[in-house]
Amino acid sequence: MDNEEFRVLLKTLDSFNSYGEDSKRHLVDPRVDIFHGRARNDIALTAKHKELLQELGYKDHLQKVTQAIDSNQAFFDLVLAYSAQHFIPSEDDKNGDAVSPIKDEHNSIKAYLEETLGKYAQGYHAMNMDRDKVRSILKQVAREWTAEGAYERQIINKPIFEWLEKLYPDKDARKDIRIVCPGCGLGRLPFDLCTELGFQAQGNEFSFHMLLVSNFIINIMQQPNCLAVHPFVNSFSNVKSRDIQIRPVIVPDLAASQLLSESDLFSMTSGSFEHVYPLDSYKANCVVTCFFIDTANNIFRYLETIADMLSAGEHWINIGPLLWHFEDDANNIELSVDELKLVIPKFGFEIVHWESIEGVPYSSDLERMGGYRYDVEFWVAKKV
Ligand SMILES: C[S@@+](CC[C@H](N)C(=O)[O-])C[C@H]1O[C@@H](n2cnc3c(N)ncnc32)[C@H](O)[C@@H]1O
């Protein structure tokens with residue numbers, strides 16, 4: 001691990017560790033202050049306003065919000081306790097001056113963090129962006145590893161699975177077909193490709209936030225339905241009733257480690273996909289990208305990498321919007337759907353299917369008014 005990777009890892013660990021305190025500071029404390037008349041004049045409550053809030057049970061609700069945040073922190077504490085040591089370099093694989101290795105893997109990660117963060121400058125501590133990622137990963141957990149997320153997953157899986165079943169009708173032969181899923185988030189799609197369809201599947205992810213949580217859910221949690229998280233607690237907006245905000249989801253909907261214990265079909269790689277692939281030790285037969293290609297700074301490099309991973313006759317399946325993640329970054333290339341249709345063949349693909357699918361939810365609280373829904377593009381391209 002080099003110094004920069006270590007810096008990102010520490011920021012990630014710090015953001016998990018400080019989620020609870022940070023959320024209460026931003027979400028609960030200011031609202032309690034308003035209630036007790038410690039707010040700015042322009043939002044000061046009159047006696048009548050206070051009485052109304054009392055009647056509505058506002059203070060009780062804030063108490064429940066606090067409990068929900070504590071329960072999310074308990075989840076992240078487990079992620080830190082059981083998953084973090086797999087990522088913190090040991091003395092043997094320390095590589096770089098600034099990297100602080102873990103000396104005793106049995107030591108508490110919290111103690112390691114406290115000691116290590118104390119030694120490093122601000123750039124190694126969680127920033128707002130890291131904290132945003134922790135809040136959104138709760139929703140990603142709901143999308144990928146809960147029964148509530150099944151509806152969202154099913155909408156995406158349906159066209160992908162139908163095409164894969166069409167391309168590889170012989171179920172027994174699928175164990176020899178390797179599918180790579182770049183930017184797989186918490187790994188549910190490659191997991192489902194193995195356990196439901198019988199393929200070999202490899203997820204790839206570069207975010208430590210995702211890698212730590214997916215490692216915890218897939219490799220460490222042994223029982224289904226054993227932890228509650230409250231993925232929607234961090235927003236007060238668009239709720240028809242207060243309970244919508246604080247309701248829990250139960251994680252995981254199935255015990256991945258048990259289901260995978262008998263098989264070697266599933267694997268994960270960590271690192272930026274265009275640097276990791278093509279991988280000599282894992283020759284892909286198919287690439288499936290889901291809500292991924294718009295994470296590119298330079299989409300042409302993604303297309304080149306996918307093309308390099310496949311041989312003639314093999315397929316790339318994509319589903320997702322074109323919400324270019326780095327649009328605000330001046331060094332970014334964003335293409336339209338029309339342009340992609342023109343460009344993909346220039347990288348050695350024949351487009352064999354293309355359709356637009358409307359209103360696809362993404363880590364959305366379906367019980368709220370509104371919610372994130374995307375019009376996505378689904379295509380299948382064959383390497384020629
Ligand atoms: C919008 S999320 C989609 C996650 C998942 N595929 C899903 O549909 O729920 C995009 C994911 O791609 C990952 N990602 C972005 N750029 C990447 C890269 N260059 N290499 C690997 N993963 C990347 C992000 O960390 C994030 O988890």
# chains A, B, ... in the order shown; residues from 1 in each chain; ligands from 1

$ residues_near_ligand --ligand "ligand 1" --cutoff "6 Å" --atoms "only C-alpha atoms and all ligand atoms" --output "VMD selection string"
chain A and resid 182 to 185 204 to 207 271 to 273 290 to 292 295

$ write_last_selection --atoms "C-alpha atoms" --output "short mmCIF file (atom, residue, chain, number, x, y, z; two decimals), in the first residue's frame"
data_model
loop_
_atom_site.label_atom_id
_atom_site.label_comp_id
_atom_site.auth_asym_id
_atom_site.auth_seq_id
_atom_site.Cartn_x
_atom_site.Cartn_y
_atom_site.Cartn_z
CA PRO A 182 -16.58 -3.38 -12.60
CA GLY A 183 -17.71 -0.85 -9.98
CA CYS A 184 -19.87 -3.47 -8.32
CA GLY A 185 -20.57 -1.49 -5.13
CA ASN A 204 -14.33 -5.08 -8.91
CA GLU A 205 -14.44 -2.00 -6.74
CA PHE A 206 -12.03 0.79 -5.85
CA SER A 207 -13.80 2.52 -2.98
CA GLY A 271 -8.48 -1.18 -7.40
CA SER A 272 -9.43 1.04 -10.27
CA PHE A 273 -10.89 -1.16 -12.99
CA CYS A 290 -24.36 -1.55 -13.87
CA PHE A 291 -24.63 2.15 -12.98
CA PHE A 292 -20.92 2.35 -13.69
CA THR A 295 -18.03 7.19 -13.28
#

$ residues_around --residues "A:Val343" --least-positions-apart "6" --cutoff "10 Å" --atoms "only C-alpha atoms" --output "MDAnalysis selection string"
chainID A and resid 300 303 335 337 349

$ residues_around --residues "A:Trp324" --least-positions-apart "4" --cutoff "9 Å" --atoms "only C-alpha atoms" --output "tab-separated table (two decimals) with all heavy atoms, in the first residue's frame"
chain	number	residue	atom	x	y	z
A	293	ILE	N	-20.64	3.17	-16.00
A	293	ILE	CA	-19.75	3.79	-16.99
A	293	ILE	C	-19.69	5.31	-16.84
A	293	ILE	O	-18.72	5.94	-17.25
A	293	ILE	CB	-20.09	3.41	-18.45
A	293	ILE	CG1	-21.49	3.85	-18.82
A	293	ILE	CG2	-19.88	1.94	-18.73
A	293	ILE	CD1	-21.64	3.96	-20.33
A	294	ASP	N	-20.72	5.90	-16.20
A	294	ASP	CA	-20.68	7.36	-16.03
A	294	ASP	C	-19.77	7.79	-14.88
A	294	ASP	O	-19.69	8.96	-14.54
A	294	ASP	CB	-22.09	7.93	-15.85
A	294	ASP	CG	-22.88	7.22	-14.77
A	294	ASP	OD1	-22.32	6.34	-14.10
A	294	ASP	OD2	-24.07	7.55	-14.58
A	295	THR	N	-19.05	6.82	-14.27
A	295	THR	CA	-18.03	7.19	-13.28
A	295	THR	C	-16.71	7.52	-13.97
A	295	THR	O	-15.74	7.88	-13.30
A	295	THR	CB	-17.77	6.05	-12.27
A	295	THR	OG1	-17.22	4.93	-12.98
A	295	THR	CG2	-19.03	5.63	-11.54
A	296	ALA	N	-16.67	7.40	-15.29
A	296	ALA	CA	-15.40	7.62	-16.00
A	296	ALA	C	-15.06	9.10	-16.11
A	296	ALA	O	-15.93	9.93	-16.36
A	296	ALA	CB	-15.50	7.02	-17.41
A	297	ASN	N	-13.78	9.41	-15.94
A	297	ASN	CA	-13.28	10.73	-16.32
A	297	ASN	C	-13.14	10.77	-17.83
A	297	ASN	O	-13.45	11.75	-18.49
A	297	ASN	CB	-11.87	10.98	-15.76
A	297	ASN	CG	-11.90	11.47	-14.34
A	297	ASN	OD1	-11.45	10.79	-13.45
A	297	ASN	ND2	-12.45	12.65	-14.14
A	328	ASP	N	-18.38	18.13	-12.80
A	328	ASP	CA	-17.90	19.41	-12.28
A	328	ASP	C	-16.39	19.56	-12.40
A	328	ASP	O	-15.85	20.64	-12.19
A	328	ASP	CB	-18.30	19.56	-10.80
A	328	ASP	CG	-19.80	19.66	-10.66
A	328	ASP	OD1	-20.46	20.02	-11.67
A	328	ASP	OD2	-20.32	19.34	-9.58
A	332	ASN	N	-12.90	16.35	-17.75
A	332	ASN	CA	-13.82	15.23	-17.88
A	332	ASN	C	-14.45	15.24	-19.26
A	332	ASN	O	-14.66	16.28	-19.84
A	332	ASN	CB	-14.91	15.36	-16.81
A	332	ASN	CG	-15.63	14.06	-16.58
A	332	ASN	OD1	-15.00	13.04	-16.33
A	332	ASN	ND2	-16.94	14.08	-16.70
A	333	ILE	N	-14.74	14.03	-19.76
A	333	ILE	CA	-15.42	13.96	-21.06
A	333	ILE	C	-16.78	13.33	-20.84
A	333	ILE	O	-16.87	12.23	-20.29
A	333	ILE	CB	-14.62	13.07	-22.05
A	333	ILE	CG1	-13.23	13.65	-22.26
A	333	ILE	CG2	-15.36	12.94	-23.37
A	333	ILE	CD1	-12.26	12.66	-22.87
A	334	GLU	N	-17.84	14.03	-21.24
A	334	GLU	CA	-19.19	13.46	-21.10
A	334	GLU	C	-19.75	13.24	-22.50
A	334	GLU	O	-19.70	14.15	-23.33
A	334	GLU	CB	-20.13	14.41	-20.34
A	334	GLU	CG	-19.65	14.81	-18.96
A	334	GLU	CD	-18.76	16.04	-18.98
A	334	GLU	OE1	-18.67	16.70	-20.03
A	334	GLU	OE2	-18.14	16.32	-17.95
A	335	LEU	N	-20.26	12.05	-22.76
A	335	LEU	CA	-20.87	11.77	-24.06
A	335	LEU	C	-22.38	11.63	-23.90
A	335	LEU	O	-22.88	11.29	-22.82
A	335	LEU	CB	-20.31	10.48	-24.66
A	335	LEU	CG	-18.81	10.46	-24.99
A	335	LEU	CD1	-18.46	9.16	-25.73
A	335	LEU	CD2	-18.39	11.65	-25.85

$ residues_around --residues "A:Leu138" --least-positions-apart "3" --cutoff "6 Å" --atoms "only C-alpha atoms" --output "list in words"
Arg135, Val141 and Pro231 of chain A

$ write_last_selection --atoms "all heavy atoms" --output "PDB file, in the first residue's frame"
ATOM      1  N   ARG A 135     -22.965   8.111   4.718  1.00  0.00           N
ATOM      2  CA  ARG A 135     -24.432   8.203   4.747  1.00  0.00           C
ATOM      3  C   ARG A 135     -25.027   7.483   3.542  1.00  0.00           C
ATOM      4  O   ARG A 135     -26.019   6.772   3.657  1.00  0.00           O
ATOM      5  CB  ARG A 135     -24.873   9.675   4.773  1.00  0.00           C
ATOM      6  CG  ARG A 135     -24.599  10.341   6.121  1.00  0.00           C
ATOM      7  CD  ARG A 135     -25.242  11.711   6.195  1.00  0.00           C
ATOM      8  NE  ARG A 135     -24.541  12.702   5.392  1.00  0.00           N
ATOM      9  CZ  ARG A 135     -23.537  13.453   5.834  1.00  0.00           C
ATOM     10  NH1 ARG A 135     -23.124  13.332   7.083  1.00  0.00           N
ATOM     11  NH2 ARG A 135     -22.952  14.330   5.055  1.00  0.00           N
ATOM     12  N   VAL A 141     -26.464  -0.306   1.227  1.00  0.00           N
ATOM     13  CA  VAL A 141     -26.694  -1.572   1.948  1.00  0.00           C
ATOM     14  C   VAL A 141     -28.147  -2.002   1.748  1.00  0.00           C
ATOM     15  O   VAL A 141     -28.437  -3.166   1.450  1.00  0.00           O
ATOM     16  CB  VAL A 141     -26.370  -1.418   3.460  1.00  0.00           C
ATOM     17  CG1 VAL A 141     -26.881  -2.616   4.251  1.00  0.00           C
ATOM     18  CG2 VAL A 141     -24.874  -1.244   3.678  1.00  0.00           C
ATOM     19  N   PRO A 231     -31.299   3.252   7.104  1.00  0.00           N
ATOM     20  CA  PRO A 231     -30.617   3.927   5.995  1.00  0.00           C
ATOM     21  C   PRO A 231     -31.172   5.301   5.668  1.00  0.00           C
ATOM     22  O   PRO A 231     -30.500   6.091   5.018  1.00  0.00           O
ATOM     23  CB  PRO A 231     -30.835   2.973   4.815  1.00  0.00           C
ATOM     24  CG  PRO A 231     -31.900   2.036   5.214  1.00  0.00           C
ATOM     25  CD  PRO A 231     -32.025   2.050   6.687  1.00  0.00           C
TER      26      PRO A 231
END

$ closest_atom_pairs --of "stretch 219-240 of chain A" --to "stretch 362-374 of chain A" --cutoff "8 Å" --atoms "only C-alpha atoms" --output "CSV"
residue,atom,partner,partner_atom,distance
A:Phe232,CA,A:Asp365,CA,7.0
A:Asn238,CA,A:Met369,CA,5.1
A:Val239,CA,A:Arg368,CA,5.2
A:Lys240,CA,A:Arg368,CA,6.9

$ write_last_selection --atoms "C-alpha atoms" --output "PDB file, in the first residue's frame"
ATOM      1  CA  PHE A 232     -33.047   6.808   5.656  1.00  0.00           C
ATOM      2  CA  ASN A 238     -40.427  14.197   1.761  1.00  0.00           C
ATOM      3  CA  VAL A 239     -41.851  11.930   4.445  1.00  0.00           C
ATOM      4  CA  LYS A 240     -45.569  11.362   4.797  1.00  0.00           C
TER       5      LYS A 240
END

$ residues_around --residues "stretch 186-198 of chain A" --least-positions-apart "4" --cutoff "10 Å" --atoms "only C-alpha atoms" --output "count of residues only"
53

$ atom_distance --atom1 "atom CA of A:Ser100" --atom2 "atom CA of A:Tyr82"
18.8 Å

$ closest_residue --among "A:Thr116, A:Gln54, A:Ser336, A:Thr46" --to "A:Leu9" --atoms "only C-alpha atoms"
A:Thr116

$ residues_around --residues "A:Lys341" --least-positions-apart "2" --cutoff "12 Å" --atoms "only C-alpha atoms" --output "number ranges by chain"
A: 335-339, 343-347, 349-355, 377-381

$ residues_around --residues "A:Ala81" --least-positions-apart "2" --cutoff "8 Å" --atoms "only C-alpha atoms" --output "PyMOL selection string"
chain A and resi 77-79+83-85+108-110

$ closest_residue --among "A:Lys64, A:Lys383, A:Arg7, A:Lys139" --to "A:Lys24" --atoms "only C-alpha atoms"
A:Lys64

$ select_by_dssp --residues "stretch 5-241 of chain A" --states "strand (DSSP E)" --output "list in words"
Arg178, Ile179, Val180, Cys181, Pro182, Gln200, Ala201, Gln202, Gly203, Asn204, Glu205, Leu227, Ala228 and Val229 of chain A

$ closest_residue --among "A:Asn298, A:Gln73, A:Ser136, A:Gln222" --to "A:Ser261" --atoms "only C-alpha atoms"
A:Gln222

$ atom_distance --atom1 "atom CA of A:Asn72" --atom2 "atom CA of A:Val233"
9.3 Å

$ closest_residue --among "A:Glu314, A:Pro224, A:Ile319, A:Lys283" --to "A:Ala255" --atoms "only C-alpha atoms"
A:Pro224
